[in-house]
Amino acid sequence: MSSFGSLRHLKPGESGTIKKVIATGELGRRIRDMGLVTGATLLMMGRAPLKDPVEIKLKGYNLALRNNEADHILVEQAEL
Amino acid sequence: MLKQNLTIALAGNPNSGKTSMFNALTGARQHVGNYPGVTVEKKWGQARLDHRQINVVDLPGTYSLTAYSLEEVVARNFIIKEKPDVVVDVVDASNLERNLYLAVQFMELGVPVVIALNMVDVAEKKGLHIDEEKLSRLLGVPVVPTVARQGRGMKELLSAAADLVSHGNGWKPLQISYGQDVDQALLKLVNNFNGQSLIWHPLSPRWVGLKLLENDAEIIRQVEQDPGLAGNLSPLRRELAERINKTLGDDPAGVIADYRYGFLSSIYRQAVEETRAQRLELSDKIDKVLTNRLLGPLFLLAVLYGIYEFVFWASETPVAWLEVFFGWLGGAVHASIPEGPLQSLIVSGVIDGVGGVLGFVPLIMFMFFAIAIMEDSGYMARVAYLLDRVLRSFGLHGNSVVPLIVGGGISGGCAVPAVMATRTLKDPKARLATMLTIPFMNCGAKLPVYALLIAAFFAARQAEALFALTLISWSLALLAARVLRWTVLKGETSPFVMELPPYRLPTLRGLFIHTWERTWQYVKKAGTVILAVSVLMWALMSMPGLPEEQAAQWEARVAAAAGEEARQELQYQQAQAELAHSFAGRLGSALSVVTAPLGFDWRTNVALVGGFAAKEVVVATLGTAYSLGEVDPEEASGLSGRLAREPGWNPLMAFGLMIFVMVYAPCFVTVAVIKKESGSWGWALFSMLYTTGLAYLLALLINQGGKLLGLG
């Protein structure tokens with residue numbers, strides 16, 4: 001069983017594959033510049049002390065983004 | 001044929017080691033300036049290859065070449081307009097796929113590219129084996145492995161760049177497929193280009209078409225200025241973009257980005273062998289602790305406290321030396337020039353004024369050194385990560401932390417480099433809000449004012465008082481930012497998408513260069529503006545002199561004084577009379593109507609007016625106004641004793657004065673830098689007026705409120 005949802009809902013330690021990036025304009029560009037594109041796999045590393053932003057690992061590097069930006073990224077959670 | 005005077009442009013992602021590369025290539029032969037018309041820093045220098053001199057221009061670090069950020073536009077325009085012979089793209093070998101995204105955009109543009117495959121040692125350690133030859137063949141550009149931090153591969157890199165210029169084919173745009181729909185749309189756009197597109201040399205029609213589909217504001221603007229193109233292309237561009245959006249459910253920019261990554265991902269799979277699965281690196285393990293919910297904030301507090309302790313501990317001795325040196329210099333000049341206006345000008349105006357500022361250089365330098373360690377080690381990005389949520393509530397951004405700390409957030413920074421450091425903020429409104437609240441921080445120049453007043457009125461609780469002032473300055477800065485973002489700087493916050501680079505041990509060389517650059521900005525301020533303003537303040541405070549007959553009366557009274565003590569007291573009264581008569585004294589008296597409710601008398605007003613030149617001047621001026629002995633800002637113990645005994649001075653008024661000094665108009669140099677960085681005199685003026693207004697209100701509230709509560 002795999003589940004499908006926004007990046008925000010991944011828990012630390014869970015990984016997933018990006019299914020779609022729903023963002024245009026500057027945000028879309030910034031997200032894609034950082035390698036968050038369809039098909040990329042990522043690992044949720046954790047959250048900042050106030051639960052926001054989140055830290056993920058993809059393509060061998062670490063990236064921080066805010067929850068409301070993570071909402072624009074749909075991921076399919078990898079089976080455990 | 002060997003081309004003389006080769007120019008290479010150094011490009012790359014932030015954190016790819018580009019700065020180390022630039023330092024390794026150019027050594028000490030560096031220059032810093034700005035790109036014309038914008039506040040993006042431009043660095044250039046010379047490298048040597050055998051007997052040839054090679055010019056190296058350091059482009060701003062970027063992830064992409066779009067028109068969304070100033071840095072990217074600057075980098076792109078430099079390449080299009082200045083046409084460097086070759087672009088050396090520094091890529092982080094341990095993070096190759098994403099780093100190549102920028103390289104592919106240079107290749108699409110068509111400029112000759114050499115890839116510096118940097119940090120290959122780190123990549124090996126991570127279990128990545130990169131076949132450089134294969135990578136070079138697949139990409140169609142030379143690839144040179146380097147370790148810039150150790151200076152490895154620099155000669156090979158320069159040779160490859162020189163070879164490419166001698167034997168390469170010049171500009172040759174890379175054509176990759178972006179899928180059937182985009183490719184067809186591009187073809188249609190290119191067919192609508194006519195002969196006039198030749199003025200776009202060296203850009204290829206396909207590249208211009210690609211940017212039009214990507215909705216690139218800069219290129220669209222240029223096309224619309226080109227009468228031969230605009231009529232046909234603009235409607236067609238919109239129509240094609242619309243169609244792609246309908247068929248693929250994504251805007252063309254997104255589709256194009258996906259295909260670029262697809263192209264890279266296939267090359268990556270062929271050229272890179274991952275000898276073991278991705279695992280948690282040492283850096284991730286450190287992060288588990290340093291960004292932990294409980295330990296993270298505690299560690300951050302400990303780091304900030306540690307910096308505070310370190311800076312004061314390390315700078316104590318050199319500051320004392322400088323104090324002795326300027327004291328000696330003043331004494332020597334005093335002795336060698338006959339008494340009179342010239343002696344007074346050089347000793348009181350130049351040496352005391354500039355010495356007062358230069359005396360803080362060690363403190364500022366160690367502060368910048370500590371900040372450089374935080375930046376170069378990668379911890380500063382974590383600070384932004386930890387604090388983004390908090391700062392966002394006030395309309396700021398995680399990255400606002402750095403400028404606020406540089407400006408004196410921990411105590412003892414300088415607003416000048418801090419305002420410049422706001423360049424890292426991409427969101428123009430958050431950037432302005434940061435810029436306008438930096439002056440509330442307790443910069444190095446305010447510290448002597450606090451030290452003086454705390455010693456005089458809060459001597460029993462010195463450390464607590466200073467700590468309270470730090471808390472007050474942060475609270476005021478955050479609240480002011482919130483209000484600014486609700487009123488004059490209303491608007492959405494821009495995205496926070498930030499790389500957290502792996503922790504690295506900073507190199508000494510990098511630390512020295514970064515410390516030096518910022519310290520030098522401060523020293524330049526002392527050498528130029530403060531020198532001029534010190535002389536001006538001296539003139540205002542000593543001219544016009546007392547009328548001759550009054551002056552003679554004073555001389556006679558001093559000469560007739562019985563005993564040393566009485567003589568000193570008379571000299572002090574004479575100095576005061578002289579000051580009261582001067583331009584500055586008259587200005588101070590005129591202002592006392594306004595400042596009386598705050599408890600400030602005319603002498604304090606003179607000092608505060610002087611403080612607009614530089615906050616250091618406040619203490620020096622108070623010294624003059626209350627004794628006109630040569631009062632050194634660092635050696636004000638005599639002065640604090642006098643103030644404590646002075647009628648009209650009490651802890652309440654002193655507290656109000658400290659808050660006033662914290663908040664009122666930033667110094668002249670900071671205002672000039674705000675003008676430069678915000679590009680408008682309007683904001684510079686605003687930064688002076690709103691702060692002074694707020695300072696007045698706060699001091700009024702403290703003084704009158706305190707009296708009501710019976711504290712005065």
# chains A, B, ... in the order shown; residues from 1 in each chain; ligands from 1

$ interface_residues --of "chain A" --to "chain B" --cutoff "12 Å" --atoms "only C-alpha atoms" --output "number ranges by chain"
A: 12-13, 18-70, 72

$ write_last_selection --atoms "C-alpha atoms" --output "compact mmCIF listing (two decimals), in the first residue's frame"
# COMPACT_ATOMS: atom_id res chain seq x y z
CA PRO A 12 10.60 12.20 10.12
CA GLY A 13 12.35 9.13 8.77
CA ILE A 18 7.53 13.34 -5.88
CA LYS A 19 4.45 12.81 -8.05
CA LYS A 20 3.67 16.37 -8.90
CA VAL A 21 4.73 19.92 -8.12
CA ILE A 22 1.77 22.29 -8.16
CA ALA A 23 3.43 25.66 -8.14
CA THR A 24 4.05 28.27 -10.77
CA GLY A 25 5.82 31.58 -10.90
CA GLU A 26 8.62 32.33 -8.48
CA LEU A 27 7.76 29.61 -5.99
CA GLY A 28 7.57 27.00 -8.76
CA ARG A 29 10.93 28.12 -10.04
CA ARG A 30 12.61 28.13 -6.64
CA ILE A 31 11.29 24.66 -5.84
CA ARG A 32 12.44 23.23 -9.16
CA ASP A 33 15.84 24.96 -9.02
CA MET A 34 16.48 22.99 -5.87
CA GLY A 35 15.79 19.69 -7.62
CA LEU A 36 12.27 19.12 -6.33
CA VAL A 37 10.86 17.74 -9.58
CA THR A 38 8.58 14.87 -10.47
CA GLY A 39 10.27 11.55 -9.91
CA ALA A 40 12.80 12.78 -7.35
CA THR A 41 12.98 10.72 -4.16
CA LEU A 42 13.32 12.40 -0.82
CA LEU A 43 13.68 11.60 2.86
CA MET A 44 12.02 13.60 5.61
CA MET A 45 14.76 14.51 8.09
CA GLY A 46 12.83 16.47 10.68
CA ARG A 47 11.22 19.70 11.70
CA ALA A 48 12.47 22.86 13.32
CA PRO A 49 11.61 23.27 17.01
CA LEU A 50 8.41 25.18 16.22
CA LYS A 51 7.33 22.45 13.71
CA ASP A 52 8.12 24.70 10.79
CA PRO A 53 10.14 24.72 8.51
CA VAL A 54 10.84 21.09 7.59
CA GLU A 55 14.16 19.58 6.59
CA ILE A 56 14.37 17.02 3.80
CA LYS A 57 17.19 15.20 2.06
CA LEU A 58 17.18 14.71 -1.68
CA LYS A 59 19.79 14.15 -4.38
CA GLY A 60 22.39 13.88 -1.63
CA TYR A 61 21.85 17.25 -0.01
CA ASN A 62 19.67 18.81 2.69
CA LEU A 63 16.98 21.37 2.08
CA ALA A 64 14.73 23.38 4.37
CA LEU A 65 11.32 24.68 3.32
CA ARG A 66 8.24 25.94 5.06
CA ASN A 67 5.14 23.85 5.58
CA ASN A 68 3.03 26.00 3.30
CA GLU A 69 5.62 25.52 0.56
CA ALA A 70 5.71 21.78 1.18
CA HIS A 72 2.72 22.44 -3.18

$ select_by_dssp --residues "chain A" --states "strand (DSSP E)" --output "PyMOL selection string"
chain A and resi 4-6+15-21+41-47+54-58+61-65+73-77

$ write_last_selection --atoms "N, CA and C atoms" --output "JSON list (two decimals), in the first residue's frame"
[["chain", "number", "residue", "atom", "x", "y", "z"],
["A", 4, "PHE", "N", -0.62, 8.80, -0.79],
["A", 4, "PHE", "CA", -0.38, 9.92, -1.67],
["A", 4, "PHE", "C", -0.80, 11.19, -0.93],
["A", 5, "GLY", "N", 0.08, 12.15, -0.81],
["A", 5, "GLY", "CA", -0.33, 13.36, -0.11],
["A", 5, "GLY", "C", 0.73, 14.43, -0.20],
["A", 6, "SER", "N", 0.49, 15.51, 0.51],
["A", 6, "SER", "CA", 1.45, 16.60, 0.43],
["A", 6, "SER", "C", 2.68, 16.28, 1.28],
["A", 15, "SER", "N", 10.20, 8.24, 3.70],
["A", 15, "SER", "CA", 10.67, 8.76, 2.42],
["A", 15, "SER", "C", 9.57, 8.63, 1.38],
["A", 16, "GLY", "N", 9.75, 9.29, 0.27],
["A", 16, "GLY", "CA", 8.72, 9.28, -0.77],
["A", 16, "GLY", "C", 9.26, 9.73, -2.11],
["A", 17, "THR", "N", 8.39, 9.63, -3.11],
["A", 17, "THR", "CA", 8.75, 10.05, -4.47],
["A", 17, "THR", "C", 7.81, 11.18, -4.88],
["A", 18, "ILE", "N", 8.37, 12.21, -5.48],
["A", 18, "ILE", "CA", 7.53, 13.34, -5.88],
["A", 18, "ILE", "C", 6.68, 12.95, -7.08],
["A", 19, "LYS", "N", 5.36, 13.13, -6.96],
["A", 19, "LYS", "CA", 4.45, 12.81, -8.05],
["A", 19, "LYS", "C", 4.12, 14.05, -8.86],
["A", 20, "LYS", "N", 4.03, 15.15, -8.18],
["A", 20, "LYS", "CA", 3.67, 16.37, -8.90],
["A", 20, "LYS", "C", 4.06, 17.60, -8.07],
["A", 21, "VAL", "N", 4.47, 18.65, -8.78],
["A", 21, "VAL", "CA", 4.73, 19.92, -8.12],
["A", 21, "VAL", "C", 3.70, 20.91, -8.64],
["A", 41, "THR", "N", 13.30, 11.36, -5.44],
["A", 41, "THR", "CA", 12.98, 10.72, -4.16],
["A", 41, "THR", "C", 13.56, 11.57, -3.03],
["A", 42, "LEU", "N", 12.85, 11.58, -1.94],
["A", 42, "LEU", "CA", 13.32, 12.40, -0.82],
["A", 42, "LEU", "C", 13.05, 11.69, 0.51],
["A", 43, "LEU", "N", 13.78, 12.16, 1.52],
["A", 43, "LEU", "CA", 13.68, 11.60, 2.86],
["A", 43, "LEU", "C", 13.39, 12.73, 3.82],
["A", 44, "MET", "N", 12.34, 12.57, 4.63],
["A", 44, "MET", "CA", 12.02, 13.60, 5.61],
["A", 44, "MET", "C", 13.00, 13.49, 6.78],
["A", 45, "MET", "N", 13.75, 14.55, 7.03],
["A", 45, "MET", "CA", 14.76, 14.51, 8.09],
["A", 45, "MET", "C", 14.19, 14.95, 9.42],
["A", 46, "GLY", "N", 13.38, 16.00, 9.41],
["A", 46, "GLY", "CA", 12.83, 16.47, 10.68],
["A", 46, "GLY", "C", 12.23, 17.85, 10.54],
["A", 47, "ARG", "N", 11.83, 18.37, 11.68],
["A", 47, "ARG", "CA", 11.22, 19.70, 11.70],
["A", 47, "ARG", "C", 11.96, 20.60, 12.67],
["A", 54, "VAL", "N", 10.45, 22.50, 7.57],
["A", 54, "VAL", "CA", 10.84, 21.09, 7.59],
["A", 54, "VAL", "C", 12.19, 20.94, 6.89],
["A", 55, "GLU", "N", 12.89, 19.87, 7.25],
["A", 55, "GLU", "CA", 14.16, 19.58, 6.59],
["A", 55, "GLU", "C", 14.05, 18.26, 5.84],
["A", 56, "ILE", "N", 14.40, 18.27, 4.56],
["A", 56, "ILE", "CA", 14.37, 17.02, 3.80],
["A", 56, "ILE", "C", 15.74, 16.78, 3.18],
["A", 57, "LYS", "N", 15.94, 15.54, 2.75],
["A", 57, "LYS", "CA", 17.19, 15.20, 2.06],
["A", 57, "LYS", "C", 16.81, 14.69, 0.68],
["A", 58, "LEU", "N", 17.40, 15.24, -0.34],
["A", 58, "LEU", "CA", 17.18, 14.71, -1.68],
["A", 58, "LEU", "C", 18.43, 14.92, -2.52],
["A", 61, "TYR", "N", 21.62, 16.05, -0.80],
["A", 61, "TYR", "CA", 21.85, 17.25, -0.01],
["A", 61, "TYR", "C", 20.61, 17.55, 0.83],
["A", 62, "ASN", "N", 20.75, 18.50, 1.76],
["A", 62, "ASN", "CA", 19.67, 18.81, 2.69],
["A", 62, "ASN", "C", 19.04, 20.15, 2.36],
["A", 63, "LEU", "N", 17.72, 20.18, 2.47],
["A", 63, "LEU", "CA", 16.98, 21.37, 2.08],
["A", 63, "LEU", "C", 15.93, 21.67, 3.14],
["A", 64, "ALA", "N", 15.78, 22.97, 3.44],
["A", 64, "ALA", "CA", 14.73, 23.38, 4.37],
["A", 64, "ALA", "C", 13.67, 24.14, 3.61],
["A", 65, "LEU", "N", 12.41, 23.88, 3.89],
["A", 65, "LEU", "CA", 11.32, 24.68, 3.32],
["A", 65, "LEU", "C", 10.17, 24.73, 4.30],
["A", 73, "ILE", "N", 3.90, 20.33, -2.95],
["A", 73, "ILE", "CA", 4.61, 19.15, -3.47],
["A", 73, "ILE", "C", 3.86, 17.90, -3.05],
["A", 74, "LEU", "N", 3.38, 17.16, -4.06],
["A", 74, "LEU", "CA", 2.66, 15.92, -3.78],
["A", 74, "LEU", "C", 3.63, 14.75, -3.84],
["A", 75, "VAL", "N", 3.63, 13.94, -2.80],
["A", 75, "VAL", "CA", 4.55, 12.80, -2.79],
["A", 75, "VAL", "C", 3.79, 11.50, -2.56],
["A", 76, "GLU", "N", 4.37, 10.46, -3.13],
["A", 76, "GLU", "CA", 3.86, 9.12, -2.87],
["A", 76, "GLU", "C", 4.80, 8.52, -1.83],
["A", 77, "GLN", "N", 4.22, 8.14, -0.70],
["A", 77, "GLN", "CA", 5.06, 7.65, 0.36],
["A", 77, "GLN", "C", 5.58, 6.25, 0.03]]

$ atom_distance --atom1 "atom CA of Leu117 of chain B" --atom2 "atom CA of Glu273 of chain B"
15.3 Å

$ atom_distance --atom1 "atom CA of Pro227 of chain B" --atom2 "atom CA of Ile80 of chain B"
20.8 Å

$ residues_around --residues "Trp649 of chain B" --least-positions-apart "5" --cutoff "9 Å" --atoms "only C-alpha atoms" --output "number ranges by chain"
B: 599-600, 643-644, 654

$ write_last_selection --atoms "N, CA, C and O atoms" --output "PDB file, in the first residue's frame"
ATOM      1  N   GLY B 599      14.086  64.982  30.195  1.00  0.00           N
ATOM      2  CA  GLY B 599      15.111  65.152  31.225  1.00  0.00           C
ATOM      3  C   GLY B 599      16.485  65.429  30.642  1.00  0.00           C
ATOM      4  O   GLY B 599      17.480  65.377  31.363  1.00  0.00           O
ATOM      5  N   PHE B 600      16.579  65.730  29.329  1.00  0.00           N
ATOM      6  CA  PHE B 600      17.888  65.997  28.713  1.00  0.00           C
ATOM      7  C   PHE B 600      18.154  67.498  28.733  1.00  0.00           C
ATOM      8  O   PHE B 600      17.322  68.279  28.290  1.00  0.00           O
ATOM      9  N   LEU B 643      29.067  62.494  36.226  1.00  0.00           N
ATOM     10  CA  LEU B 643      27.650  62.454  35.873  1.00  0.00           C
ATOM     11  C   LEU B 643      26.801  61.999  37.050  1.00  0.00           C
ATOM     12  O   LEU B 643      25.699  62.496  37.269  1.00  0.00           O
ATOM     13  N   ALA B 644      27.322  61.035  37.805  1.00  0.00           N
ATOM     14  CA  ALA B 644      26.559  60.515  38.948  1.00  0.00           C
ATOM     15  C   ALA B 644      26.288  61.629  39.965  1.00  0.00           C
ATOM     16  O   ALA B 644      25.275  61.626  40.651  1.00  0.00           O
ATOM     17  N   ALA B 654      19.004  58.445  33.013  1.00  0.00           N
ATOM     18  CA  ALA B 654      20.076  57.710  32.349  1.00  0.00           C
ATOM     19  C   ALA B 654      19.493  56.544  31.541  1.00  0.00           C
ATOM     20  O   ALA B 654      19.909  56.277  30.412  1.00  0.00           O
TER      21      ALA B 654
END

$ residues_around --residues "Ala93 of chain B" --least-positions-apart "4" --cutoff "12 Å" --atoms "only C-alpha atoms" --output "MDAnalysis selection string"
(chainID A and resid 59:61) or (chainID B and resid 12:13 15:17 89 97:100 115:132 135 143:148 268 271:272)

$ residues_around --residues "Tyr308 of chain B" --least-positions-apart "5" --cutoff "9 Å" --atoms "only C-alpha atoms" --output "list in words"
Val303, Trp313, Met367, Ile410, Ser411 and Gly412 of chain B

$ select_by_dssp --residues "chain A" --states "alpha helix (DSSP H)" --output "PyMOL selection string"
chain A and resi 25-33+67-70

$ write_last_selection --atoms "N, CA and C atoms" --output "mmCIF file, in the first residue's frame"
data_model
loop_
_atom_site.group_PDB
_atom_site.id
_atom_site.type_symbol
_atom_site.label_atom_id
_atom_site.label_comp_id
_atom_site.auth_asym_id
_atom_site.auth_seq_id
_atom_site.Cartn_x
_atom_site.Cartn_y
_atom_site.Cartn_z
ATOM 1 N N GLY A 25 5.193 30.311 -11.245
ATOM 2 C CA GLY A 25 5.825 31.579 -10.903
ATOM 3 C C GLY A 25 7.086 31.387 -10.081
ATOM 4 N N GLU A 26 7.355 32.348 -9.203
ATOM 5 C CA GLU A 26 8.616 32.326 -8.479
ATOM 6 C C GLU A 26 8.755 31.094 -7.593
ATOM 7 N N LEU A 27 7.665 30.760 -6.876
ATOM 8 C CA LEU A 27 7.758 29.607 -5.988
ATOM 9 C C LEU A 27 8.057 28.338 -6.786
ATOM 10 N N GLY A 28 7.348 28.175 -7.908
ATOM 11 C CA GLY A 28 7.574 27.001 -8.756
ATOM 12 C C GLY A 28 9.024 26.927 -9.192
ATOM 13 N N ARG A 29 9.558 28.093 -9.565
ATOM 14 C CA ARG A 29 10.930 28.115 -10.040
ATOM 15 C C ARG A 29 11.903 27.787 -8.914
ATOM 16 N N ARG A 30 11.685 28.387 -7.758
ATOM 17 C CA ARG A 30 12.607 28.133 -6.640
ATOM 18 C C ARG A 30 12.598 26.660 -6.258
ATOM 19 N N ILE A 31 11.409 26.072 -6.221
ATOM 20 C CA ILE A 31 11.290 24.665 -5.842
ATOM 21 C C ILE A 31 12.022 23.781 -6.848
ATOM 22 N N ARG A 32 11.817 24.081 -8.125
ATOM 23 C CA ARG A 32 12.440 23.234 -9.156
ATOM 24 C C ARG A 32 13.946 23.455 -9.233
ATOM 25 N N ASP A 33 14.396 24.696 -9.022
ATOM 26 C CA ASP A 33 15.839 24.964 -9.022
ATOM 27 C C ASP A 33 16.551 24.084 -8.011
ATOM 28 N N ASN A 67 6.286 24.733 5.753
ATOM 29 C CA ASN A 67 5.135 23.847 5.583
ATOM 30 C C ASN A 67 4.243 24.284 4.429
ATOM 31 N N ASN A 68 3.953 25.588 4.360
ATOM 32 C CA ASN A 68 3.030 25.997 3.301
ATOM 33 C C ASN A 68 3.665 25.922 1.915
ATOM 34 N N GLU A 69 4.998 25.793 1.846
ATOM 35 C CA GLU A 69 5.624 25.521 0.560
ATOM 36 C C GLU A 69 5.612 24.028 0.265
ATOM 37 N N ALA A 70 5.763 23.245 1.333
ATOM 38 C CA ALA A 70 5.713 21.780 1.182
ATOM 39 C C ALA A 70 4.342 21.339 0.667
#

$ atom_distance --atom1 "atom CA of Lys615 of chain B" --atom2 "atom CA of Ala477 of chain B"
18.1 Å

$ closest_atom_pairs --of "segment 591-685 of chain B" --to "segment 517-533 of chain B" --cutoff "9 Å" --atoms "only C-alpha atoms" --output "tab-separated table"
residue	atom	partner	partner_atom	distance
B:Gly610	CA	B:Val533	CA	8.6
B:Ala613	CA	B:Val533	CA	6.1
B:Ala614	CA	B:Ile530	CA	7.0
B:Phe668	CA	B:Val529	CA	8.4
B:Val669	CA	B:Val529	CA	7.1

$ write_last_selection --atoms "N, CA, C and O atoms" --output "compact mmCIF listing (two decimals), in the first residue's frame"
# COMPACT_ATOMS: atom_id res chain seq x y z
N GLY B 610 25.76 65.23 18.05
CA GLY B 610 27.03 64.68 17.61
C GLY B 610 26.92 63.20 17.31
O GLY B 610 27.56 62.68 16.41
N ALA B 613 26.49 61.79 13.89
CA ALA B 613 27.69 61.56 13.08
C ALA B 613 28.18 60.14 13.31
O ALA B 613 28.49 59.40 12.38
N ALA B 614 28.24 59.73 14.55
CA ALA B 614 28.67 58.40 14.93
C ALA B 614 28.39 58.30 16.40
O ALA B 614 28.70 59.23 17.14
N PHE B 668 25.16 58.60 10.50
CA PHE B 668 25.25 59.15 9.17
C PHE B 668 25.68 58.11 8.12
O PHE B 668 25.09 58.02 7.05
N VAL B 669 26.70 57.33 8.45
CA VAL B 669 27.22 56.35 7.49
C VAL B 669 26.16 55.28 7.21
O VAL B 669 25.96 54.87 6.06
